[in-house]
$ cat start17.cif   # mmCIF, C-alpha atoms and all ligand atoms
data_final
#
loop_
_atom_site.label_atom_id
_atom_site.label_comp_id
_atom_site.auth_asym_id
_atom_site.auth_seq_id
_atom_site.Cartn_x
_atom_site.Cartn_y
_atom_site.Cartn_z
CA MET A 1 7.20 -21.76 15.79
CA ALA A 2 4.76 -19.40 14.11
CA GLN A 3 3.21 -19.92 10.69
CA ILE A 4 5.28 -17.78 8.31
CA ILE A 5 2.98 -15.73 6.09
CA ASP A 6 4.54 -15.85 2.64
CA GLY A 7 3.84 -12.47 1.06
CA LYS A 8 5.96 -13.31 -1.94
CA ALA A 9 3.85 -16.34 -2.84
CA ILE A 10 0.53 -14.60 -2.11
CA SER A 11 1.52 -11.52 -4.12
CA GLN A 12 2.49 -13.78 -7.02
CA THR A 13 -0.96 -15.39 -6.94
CA ILE A 14 -2.58 -11.94 -6.99
CA LYS A 15 -0.39 -10.79 -9.89
CA ASP A 16 -1.38 -13.93 -11.81
CA GLU A 17 -5.06 -13.19 -11.14
CA VAL A 18 -4.54 -9.61 -12.33
CA LYS A 19 -2.73 -10.83 -15.45
CA LYS A 20 -5.76 -12.97 -16.32
CA GLU A 21 -8.15 -10.05 -15.79
CA VAL A 22 -5.97 -7.73 -17.88
CA GLN A 23 -5.98 -10.32 -20.65
CA GLU A 24 -9.78 -10.61 -20.51
CA LEU A 25 -10.21 -6.83 -20.59
CA SER A 26 -7.80 -6.54 -23.47
CA GLU A 27 -9.81 -9.12 -25.43
CA LYS A 28 -12.84 -6.86 -24.95
CA GLY A 29 -10.83 -3.92 -26.32
CA ILE A 30 -10.18 -2.38 -22.89
CA PRO A 31 -6.45 -1.95 -22.32
CA VAL A 32 -5.22 -1.00 -18.82
CA THR A 33 -2.70 1.83 -18.54
CA LEU A 34 -0.82 3.26 -15.56
CA ALA A 35 1.12 6.54 -15.75
CA VAL A 36 4.03 6.69 -13.30
CA ILE A 37 5.61 10.05 -12.51
CA GLN A 38 8.95 10.41 -10.75
CA VAL A 39 10.41 13.77 -9.79
CA GLY A 40 14.18 13.76 -9.25
CA GLU A 41 16.45 10.74 -9.02
CA ASP A 42 16.22 9.55 -5.43
CA PRO A 43 17.72 6.01 -5.65
CA ALA A 44 15.09 4.40 -3.39
CA SER A 45 12.29 5.98 -5.46
CA THR A 46 13.94 4.74 -8.65
CA VAL A 47 13.96 1.17 -7.25
CA TYR A 48 10.25 1.43 -6.31
CA VAL A 49 9.32 2.90 -9.70
CA ASN A 50 11.24 0.19 -11.55
CA ASN A 51 9.55 -2.52 -9.47
CA LYS A 52 6.16 -1.05 -10.35
CA LYS A 53 7.02 -0.94 -14.06
CA ARG A 54 8.22 -4.55 -13.88
CA ALA A 55 4.95 -5.63 -12.26
CA CYS A 56 3.04 -3.79 -15.01
CA ALA A 57 5.03 -5.61 -17.67
CA TYR A 58 4.32 -8.96 -15.96
CA THR A 59 0.58 -8.39 -15.64
CA GLY A 60 0.16 -6.89 -19.12
CA ILE A 61 -0.63 -3.38 -17.87
CA ARG A 62 0.82 -0.69 -20.12
CA SER A 63 3.03 1.67 -18.14
CA LEU A 64 3.89 5.20 -19.21
CA SER A 65 6.88 6.79 -17.48
CA TYR A 66 7.38 10.48 -16.84
CA ASN A 67 10.58 11.78 -15.25
CA LEU A 68 10.80 15.39 -14.17
CA PRO A 69 14.05 16.89 -12.90
CA GLU A 70 14.50 17.52 -9.17
CA SER A 71 14.36 21.26 -9.92
CA ALA A 72 11.03 21.09 -11.79
CA ALA A 73 8.47 23.67 -10.71
CA GLN A 74 5.34 22.39 -9.00
CA GLU A 75 3.31 23.99 -11.82
CA GLU A 76 5.04 21.71 -14.31
CA LEU A 77 4.04 18.63 -12.33
CA LEU A 78 0.47 19.88 -11.88
CA SER A 79 0.20 20.58 -15.57
CA LEU A 80 1.39 17.04 -16.43
CA ILE A 81 -1.15 15.57 -13.99
CA GLY A 82 -3.84 17.76 -15.58
CA GLN A 83 -3.03 16.37 -19.03
CA LEU A 84 -3.03 12.76 -17.76
CA ASN A 85 -6.36 13.36 -15.99
CA GLU A 86 -7.86 14.34 -19.35
CA ARG A 87 -6.46 11.40 -21.33
CA GLU A 88 -9.01 8.65 -21.89
CA ASP A 89 -6.26 6.10 -22.51
CA VAL A 90 -4.76 6.59 -19.03
CA ASN A 91 -6.57 4.72 -16.25
CA GLY A 92 -4.29 5.22 -13.28
CA ILE A 93 -1.87 7.99 -12.23
CA LEU A 94 0.85 7.43 -9.65
CA VAL A 95 3.20 10.12 -8.39
CA GLN A 96 6.13 8.50 -6.59
CA LEU A 97 6.56 10.00 -3.12
CA PRO A 98 8.36 11.66 -1.45
CA LEU A 99 8.50 14.76 -3.65
CA PRO A 100 11.31 17.33 -3.45
CA GLY A 101 10.98 19.74 -0.52
CA HIS A 102 9.81 22.70 -2.62
CA MET A 103 6.66 20.85 -3.68
CA ASP A 104 3.43 20.62 -1.71
CA GLU A 105 2.60 16.90 -1.60
CA ASP A 106 -1.01 17.47 -0.54
CA ALA A 107 -1.64 19.82 -3.46
CA VAL A 108 -0.12 17.30 -5.88
CA ILE A 109 -2.20 14.40 -4.53
CA GLU A 110 -5.34 16.53 -4.69
CA ALA A 111 -4.63 17.37 -8.35
CA ILE A 112 -4.98 13.72 -9.37
CA CYS A 113 -8.47 12.86 -10.57
CA PRO A 114 -9.94 10.66 -7.76
CA ARG A 115 -11.08 8.13 -10.39
CA LYS A 116 -7.43 7.66 -11.43
CA ASP A 117 -5.92 7.81 -7.93
CA VAL A 118 -4.70 4.20 -7.78
CA ASP A 119 -2.62 4.91 -4.65
CA GLY A 120 -5.84 5.82 -2.81
CA PHE A 121 -4.32 8.93 -1.22
CA HIS A 122 -6.77 11.56 -2.58
CA PRO A 123 -9.00 13.00 0.18
CA GLN A 124 -12.08 11.86 -1.76
CA ASN A 125 -10.91 8.24 -1.64
CA VAL A 126 -9.83 8.58 1.99
CA GLY A 127 -13.30 9.92 2.81
CA ALA A 128 -14.97 7.12 0.84
CA LEU A 129 -13.03 4.53 2.86
CA CYS A 130 -14.02 6.29 6.05
CA ILE A 131 -17.76 6.20 5.33
CA GLY A 132 -17.79 2.81 3.62
CA LYS A 133 -18.31 3.98 0.02
CA PRO A 134 -16.54 2.50 -3.02
CA GLY A 135 -13.19 4.03 -3.92
CA PHE A 136 -9.51 3.24 -4.10
CA VAL A 137 -7.92 1.83 -0.97
CA PRO A 138 -4.21 2.46 -0.25
CA CYS A 139 -2.17 -0.52 -1.45
CA THR A 140 -0.21 -1.50 1.67
CA PRO A 141 -3.17 -1.85 4.05
CA ALA A 142 -5.28 -3.45 1.31
CA GLY A 143 -2.46 -5.95 0.82
CA ILE A 144 -2.43 -6.77 4.54
CA ILE A 145 -6.14 -7.64 4.47
CA GLU A 146 -5.40 -10.00 1.55
CA LEU A 147 -2.47 -11.55 3.46
CA LEU A 148 -4.69 -12.26 6.46
CA LYS A 149 -7.60 -13.63 4.45
CA ARG A 150 -5.49 -15.79 2.18
CA SER A 151 -3.62 -17.20 5.19
CA GLY A 152 -6.90 -18.29 6.77
CA ILE A 153 -6.70 -15.76 9.62
CA GLU A 154 -10.15 -14.70 10.76
CA ILE A 155 -10.55 -10.94 11.26
CA ALA A 156 -14.21 -10.50 12.29
CA GLY A 157 -14.67 -10.15 16.02
CA LYS A 158 -10.94 -10.15 16.73
CA GLU A 159 -9.00 -7.63 18.83
CA CYS A 160 -6.73 -5.81 16.39
CA VAL A 161 -4.06 -3.35 17.41
CA MET A 162 -2.50 -1.06 14.82
CA ILE A 163 0.75 0.52 16.01
CA GLY A 164 1.27 3.64 13.90
CA ARG A 165 -1.21 6.25 12.66
CA SER A 166 0.22 7.50 9.37
CA ASN A 167 -2.07 8.46 6.51
CA ILE A 168 -0.62 5.83 4.20
CA VAL A 169 -0.55 2.83 6.55
CA GLY A 170 -1.90 3.18 10.11
CA LYS A 171 -5.14 5.10 9.59
CA PRO A 172 -6.39 3.28 6.46
CA MET A 173 -5.37 -0.05 8.02
CA ALA A 174 -7.47 0.67 11.09
CA LEU A 175 -10.45 1.58 8.88
CA LEU A 176 -10.09 -1.57 6.79
CA LEU A 177 -9.90 -3.79 9.89
CA LEU A 178 -13.02 -2.05 11.16
CA ARG A 179 -14.73 -2.69 7.81
CA GLU A 180 -13.86 -6.38 8.34
CA ASN A 181 -15.66 -6.24 11.71
CA ALA A 182 -12.61 -6.33 13.97
CA THR A 183 -12.42 -4.42 17.25
CA VAL A 184 -9.66 -1.94 16.51
CA THR A 185 -7.25 0.02 18.69
CA VAL A 186 -4.78 2.48 17.16
CA ALA A 187 -1.57 3.02 19.14
CA HIS A 188 1.19 5.56 18.48
CA SER A 189 4.21 7.22 20.04
CA ARG A 190 2.09 8.84 22.77
CA THR A 191 0.30 5.63 23.80
CA ALA A 192 0.78 5.32 27.55
CA ASP A 193 1.43 1.60 28.00
CA LEU A 194 2.17 0.15 24.58
CA LYS A 195 3.05 -3.34 25.85
CA GLU A 196 -0.27 -3.63 27.64
CA VAL A 197 -2.20 -2.40 24.59
CA SER A 198 -0.35 -4.50 22.01
CA GLY A 199 -0.46 -7.53 24.31
CA ARG A 200 -4.26 -7.62 23.89
CA ALA A 201 -4.08 -8.08 20.13
CA ASP A 202 -5.17 -11.21 18.31
CA ILE A 203 -3.89 -9.41 15.21
CA LEU A 204 -1.05 -6.95 15.70
CA VAL A 205 -0.05 -4.71 12.78
CA VAL A 206 3.13 -2.69 13.25
CA ALA A 207 4.13 0.33 11.15
CA THR A 208 6.44 2.51 13.23
CA GLY A 209 9.63 2.69 11.16
CA ARG A 210 11.61 1.69 14.30
CA ALA A 211 13.90 -1.27 13.57
CA ARG A 212 12.96 -4.41 15.56
CA MET A 213 11.23 -2.42 18.33
CA ILE A 214 8.49 -5.02 18.86
CA THR A 215 9.95 -7.80 20.96
CA ALA A 216 8.17 -10.87 22.38
CA GLU A 217 6.99 -8.88 25.44
CA TYR A 218 4.63 -6.88 23.21
CA VAL A 219 2.91 -9.94 21.75
CA LYS A 220 0.14 -12.18 23.03
CA PRO A 221 0.98 -15.87 22.53
CA GLY A 222 -0.64 -17.14 19.34
CA ALA A 223 -1.27 -13.66 17.85
CA ALA A 224 -0.90 -12.93 14.13
CA VAL A 225 1.84 -10.31 13.73
CA ILE A 226 2.05 -8.22 10.57
CA ASP A 227 5.27 -6.25 10.15
CA VAL A 228 5.01 -3.31 7.75
CA GLY A 229 8.43 -1.86 8.62
CA MET A 230 11.18 -1.49 6.05
CA ASP A 231 14.10 -0.46 8.19
CA ARG A 232 17.87 -0.82 8.28
CA ASP A 233 19.59 -2.34 11.30
CA GLU A 234 22.98 -1.32 12.71
CA ASN A 235 24.69 -3.35 9.94
CA ASN A 236 22.58 -1.64 7.27
CA LYS A 237 20.66 -4.88 6.72
CA LEU A 238 16.97 -4.65 5.77
CA CYS A 239 14.73 -5.54 8.71
CA GLY A 240 11.25 -4.85 10.02
CA ASP A 241 9.74 -3.10 13.03
CA VAL A 242 9.34 -6.53 14.68
CA ASP A 243 12.15 -8.60 16.19
CA PHE A 244 11.37 -11.60 13.98
CA GLU A 245 13.62 -14.11 15.79
CA ALA A 246 12.11 -13.42 19.19
CA VAL A 247 8.48 -12.91 18.11
CA SER A 248 8.27 -15.92 15.78
CA GLY A 249 8.78 -18.08 18.88
CA ILE A 250 5.57 -16.83 20.48
CA ALA A 251 3.27 -15.61 17.66
CA GLY A 252 0.76 -17.87 15.90
CA ALA A 253 1.61 -16.33 12.51
CA ILE A 254 4.09 -13.70 11.37
CA THR A 255 5.20 -11.89 8.21
CA PRO A 256 8.94 -11.83 7.46
CA VAL A 257 10.86 -8.78 6.19
CA PRO A 258 11.62 -8.96 3.34
CA GLY A 259 9.02 -11.21 1.74
CA GLY A 260 5.95 -10.27 3.80
CA VAL A 261 4.01 -7.04 3.35
CA GLY A 262 6.43 -5.44 0.85
CA PRO A 263 5.56 -7.50 -2.25
CA MET A 264 1.84 -7.13 -1.53
CA THR A 265 1.90 -3.36 -2.00
CA ILE A 266 2.80 -3.60 -5.68
CA ALA A 267 0.41 -6.49 -6.32
CA MET A 268 -2.45 -4.39 -4.90
CA LEU A 269 -1.40 -1.43 -7.04
CA MET A 270 -1.86 -3.67 -10.10
CA LYS A 271 -5.29 -4.68 -8.78
CA ASN A 272 -6.23 -1.00 -8.33
CA CYS A 273 -5.26 -0.29 -11.95
CA VAL A 274 -7.69 -2.96 -13.14
CA GLN A 275 -10.36 -1.48 -10.84
CA ALA A 276 -9.69 1.95 -12.40
CA ALA A 277 -10.07 0.61 -15.94
CA ARG A 278 -13.30 -1.18 -15.04
CA MET A 279 -14.75 1.89 -13.29
CA GLN A 280 -13.88 4.19 -16.17
CA GLU A 281 -15.36 1.75 -18.69
CA SER A 282 -18.63 1.50 -16.80
CA GLY A 283 -18.62 5.31 -16.45
CA LYS A 284 -18.41 5.60 -20.25
CA LYS A 285 -21.33 3.18 -20.70
CA ASN A 286 -23.44 5.14 -18.21
CA SER A 287 -22.73 8.56 -19.72
P1 LIG C 1 5.43 7.27 9.68
O1 LIG C 1 6.76 7.71 10.18
O2 LIG C 1 4.60 8.17 8.85
O3 LIG C 1 4.54 6.84 10.95
C1 LIG C 1 5.08 6.08 12.00
C2 LIG C 1 4.04 5.91 13.07
O4 LIG C 1 4.59 5.12 14.11
C3 LIG C 1 3.58 7.23 13.70
O5 LIG C 1 2.18 7.23 13.87
C4 LIG C 1 4.30 7.25 15.05
O6 LIG C 1 3.54 7.84 16.09
C5 LIG C 1 4.40 5.75 15.36
N1 LIG C 1 5.54 5.47 16.20
C6 LIG C 1 6.84 5.85 16.00
N2 LIG C 1 7.61 5.42 17.02
C7 LIG C 1 6.80 4.80 17.88
C8 LIG C 1 6.99 4.17 19.12
N3 LIG C 1 8.20 4.10 19.70
N4 LIG C 1 5.92 3.63 19.75
C9 LIG C 1 4.70 3.69 19.20
N5 LIG C 1 4.44 4.27 18.01
C10 LIG C 1 5.48 4.82 17.37
O7 LIG C 1 5.70 5.89 8.94
P2 LIG C 1 4.87 5.07 7.83
O8 LIG C 1 3.55 4.65 8.36
O9 LIG C 1 4.93 5.77 6.54
O10 LIG C 1 5.81 3.79 7.70
C11 LIG C 1 6.08 2.93 8.79
C12 LIG C 1 7.05 1.85 8.36
O11 LIG C 1 6.46 1.10 7.32
C13 LIG C 1 8.37 2.36 7.79
O12 LIG C 1 9.40 1.45 8.15
C14 LIG C 1 8.15 2.34 6.28
O13 LIG C 1 9.35 2.20 5.57
C15 LIG C 1 7.30 1.11 6.16
N6 LIG C 1 6.44 1.09 4.96
C16 LIG C 1 6.44 -0.06 4.24
C17 LIG C 1 5.62 -0.19 3.14
C18 LIG C 1 5.61 -1.47 2.40
O14 LIG C 1 5.18 -1.52 1.28
N7 LIG C 1 6.05 -2.57 3.01
C19 LIG C 1 4.76 0.91 2.68
C20 LIG C 1 4.79 2.06 3.57
C21 LIG C 1 5.60 2.13 4.66
P3 LIG C 1 3.20 9.44 16.09
O15 LIG C 1 2.09 9.60 15.09
O16 LIG C 1 2.75 9.67 17.48
O17 LIG C 1 4.46 10.15 15.70
#

$ encode --input "start17.cif" --output "structure tokens" --more "lines below"
Ligand code: NDP
Amino acid sequence: MAQIIDGKAISQTIKDEVKKEVQELSEKGIPVTLAVIQVGEDPASTVYVNNKKRACAYTGIRSLSYNLPESAAQEELLSLIGQLNEREDVNGILVQLPLPGHMDEDAVIEAICPRKDVDGFHPQNVGALCIGKPGFVPCTPAGIIELLKRSGIEIAGKECVMIGRSNIVGKPMALLLLRENATVTVAHSRTADLKEVSGRADILVVATGRARMITAEYVKPGAAVIDVGMDRDENNKLCGDVDFEAVSGIAGAITPVPGGVGPMTIAMLMKNCVQAARMQESGKKNS
């Protein structure tokens, strides 16, 4: 039976570390503030936004909430982002995605000041990650690196296969694994022989959005399997992209869904907010 990687426990440890840092910053007169913008009332987005606000409250980060109606014009959102970019008391800005269909997500992300882009989606931060410069790293892949390290799973020199090439998970994950000196392969829906490719992995990260598609045949015995998926099965039950029952019998380590990658995303967002406050403070000193 595989080692179960407990994302809930690890994320709790990270939130406690963040809480301590926030306290120390606050004692030096540096409060940490995150502005969260939601457009419309999509129920899933409301759950995510509330979870983020709860994590802010736990760690001592001040959260400011902005709710725009579904029908809001893109200009209204851009103008709000512009105001928050200018405010010295706001360290991080997060726009909950997805946005309503009439808005251009890329334009909205690009409007956020890169120094406040705690989601790490701005092209400047994406580019920084790509060329190994400091910047914000997207929370889900950053959380996976923490899960691996804190579970004692060596990354350097290992064969890593990332299934999925999205901008928010697959691509930044591949870059982060590379930064950790892994040998990285990125697979996707057009990969010719996925079982052969994934079967080489010492560390297999799966982000396809296809419920339980990764069965034991895709996994090398003893591999660490990280399941990013948040899917619904035929009974509408939350499950991952990996068939946990089958794969936990062959893997060396595995993340469950829920309780694996999911909680890490928010913990890393809190960490990015602290990074934003520190960067902005040192920017003030240097100017
Ligand atoms: P996307 O839909 O943007 O990307 C899915 C990727 O998987 C694509 O690159 C696609 O390939 C690939 N893919 C789809 N089907 C197959 C297949 N049969 N074989 C091989 N590759 C395939 O999804 P996201 O990256 O945004 O999300 C993936 C999953 O992770 C979802 O379940 C999502 O809910 C979850 N998620 C969880 C988070 C968390 O905090 N735990 C955060 C973000 C996402 P191609 O490019 O060729 O189409």

$ residues_near_ligand --input "start17.cif" --ligand "ligand LIG 1 (chain C)" --cutoff "7 Å" --atoms "all atoms listed in the file" --output "ChimeraX atom specification"
/A:140,163-166,168-170,187-191,194,207-210,228-231,240-241,261-263,265

$ atom_distance --input "start17.cif" --atom1 "CA of Ile155 (chain A)" --atom2 "CA of Ala192 (chain A)"
25.7 Å

$ residues_around --input "start17.cif" --residues "Val39 (chain A)" --least-positions-apart "3" --cutoff "9 Å" --atoms "only C-alpha atoms" --output "list of chain:residue names"
A:Asp42, A:Tyr66, A:Asn67, A:Leu68, A:Pro69, A:Glu70, A:Ser71, A:Ala72, A:Leu77, A:Val95, A:Gln96, A:Leu97, A:Pro98, A:Leu99, A:Pro100

$ atom_distance --input "start17.cif" --atom1 "CA of Glu281 (chain A)" --atom2 "CA of Arg115 (chain A)"
11.3 Å

$ residues_around --input "start17.cif" --residues "region 7-9 of chain A" --least-positions-apart "2" --cutoff "9 Å" --atoms "all atoms listed in the file" --output "list in words"
Ile5, Ser11, Gln12, Thr13, Ile14, Leu147, Thr255, Pro256, Pro258, Gly259, Gly260, Val261, Gly262, Pro263 and Met264 of chain A

$ closest_residue --input "start17.cif" --among "A:Val32, A:Val242, A:Cys139, A:Ala156" --to "Asp89 (chain A)" --atoms "only C-alpha atoms"
A:Val32

$ residues_around --input "start17.cif" --residues "Ile254 (chain A)" --least-positions-apart "2" --cutoff "6 Å" --atoms "only C-alpha atoms" --output "list in words"
Ile4, Ile5, Ala224, Val225 and Ile226 of chain A

$ write_last_selection --input "start17.cif" --atoms "C-alpha atoms" --output "mmCIF file, in the frame of the given file"
data_model
loop_
_atom_site.group_PDB
_atom_site.id
_atom_site.type_symbol
_atom_site.label_atom_id
_atom_site.label_comp_id
_atom_site.auth_asym_id
_atom_site.auth_seq_id
_atom_site.Cartn_x
_atom_site.Cartn_y
_atom_site.Cartn_z
ATOM 1 C CA ILE A 4 5.280 -17.780 8.310
ATOM 2 C CA ILE A 5 2.980 -15.730 6.090
ATOM 3 C CA ALA A 224 -0.900 -12.930 14.130
ATOM 4 C CA VAL A 225 1.840 -10.310 13.730
ATOM 5 C CA ILE A 226 2.050 -8.220 10.570
#

$ closest_residue --input "start17.cif" --among "A:Ala216, A:Ala35, A:Met162, A:Ala253" --to "Val197 (chain A)" --atoms "all atoms listed in the file"
A:Met162

$ atom_distance --input "start17.cif" --atom1 "CA of Met270 (chain A)" --atom2 "CA of Pro172 (chain A)"
18.5 Å

$ closest_residue --input "start17.cif" --among "A:Val206, A:Met1, A:Ala142, A:Val219" --to "Arg179 (chain A)" --atoms "all atoms listed in the file"
A:Ala142

$ closest_residue --input "start17.cif" --among "A:Ile145, A:Ile61, A:Asn167, A:Glu86" --to "Asp106 (chain A)" --atoms "all atoms listed in the file"
A:Asn167

$ closest_residue --input "start17.cif" --among "A:Leu64, A:Ile10, A:Leu178, A:Ala2" --to "Leu148 (chain A)" --atoms "only C-alpha atoms"
A:Ile10

$ closest_residue --input "start17.cif" --among "A:Asp117, A:Glu146, A:Asp233, A:Glu88" --to "Ala276 (chain A)" --atoms "all atoms listed in the file"
A:Asp117

$ residues_around --input "start17.cif" --residues "Arg200 (chain A)" --least-positions-apart "3" --cutoff "12 Å" --atoms "all atoms listed in the file" --output "ChimeraX atom specification"
/A:158-162,183-185,187,193-197,203-204,217-224

$ residues_around --input "start17.cif" --residues "Lys20 (chain A)" --least-positions-apart "4" --cutoff "8 Å" --atoms "all atoms listed in the file" --output "PyMOL selection string"
chain A and resi 16+24+59

$ write_last_selection --input "start17.cif" --atoms "C-alpha atoms" --output "PDB file, keeping the file's coordinate frame"
ATOM      1  CA  ASP A  16      -1.380 -13.930 -11.810  1.00  0.00           C
ATOM      2  CA  GLU A  24      -9.780 -10.610 -20.510  1.00  0.00           C
ATOM      3  CA  THR A  59       0.580  -8.390 -15.640  1.00  0.00           C
TER       4      THR A  59
END

$ axis_aligned_box --input "start17.cif" --around "region 224-233 of chain A" --padding-each-side "5 Å" --output "lines of an AutoDock Vina configuration file"
center_x = 9.3
center_y = -6.7
center_z = 10.1
size_x = 30.5
size_y = 22.5
size_z = 18.1
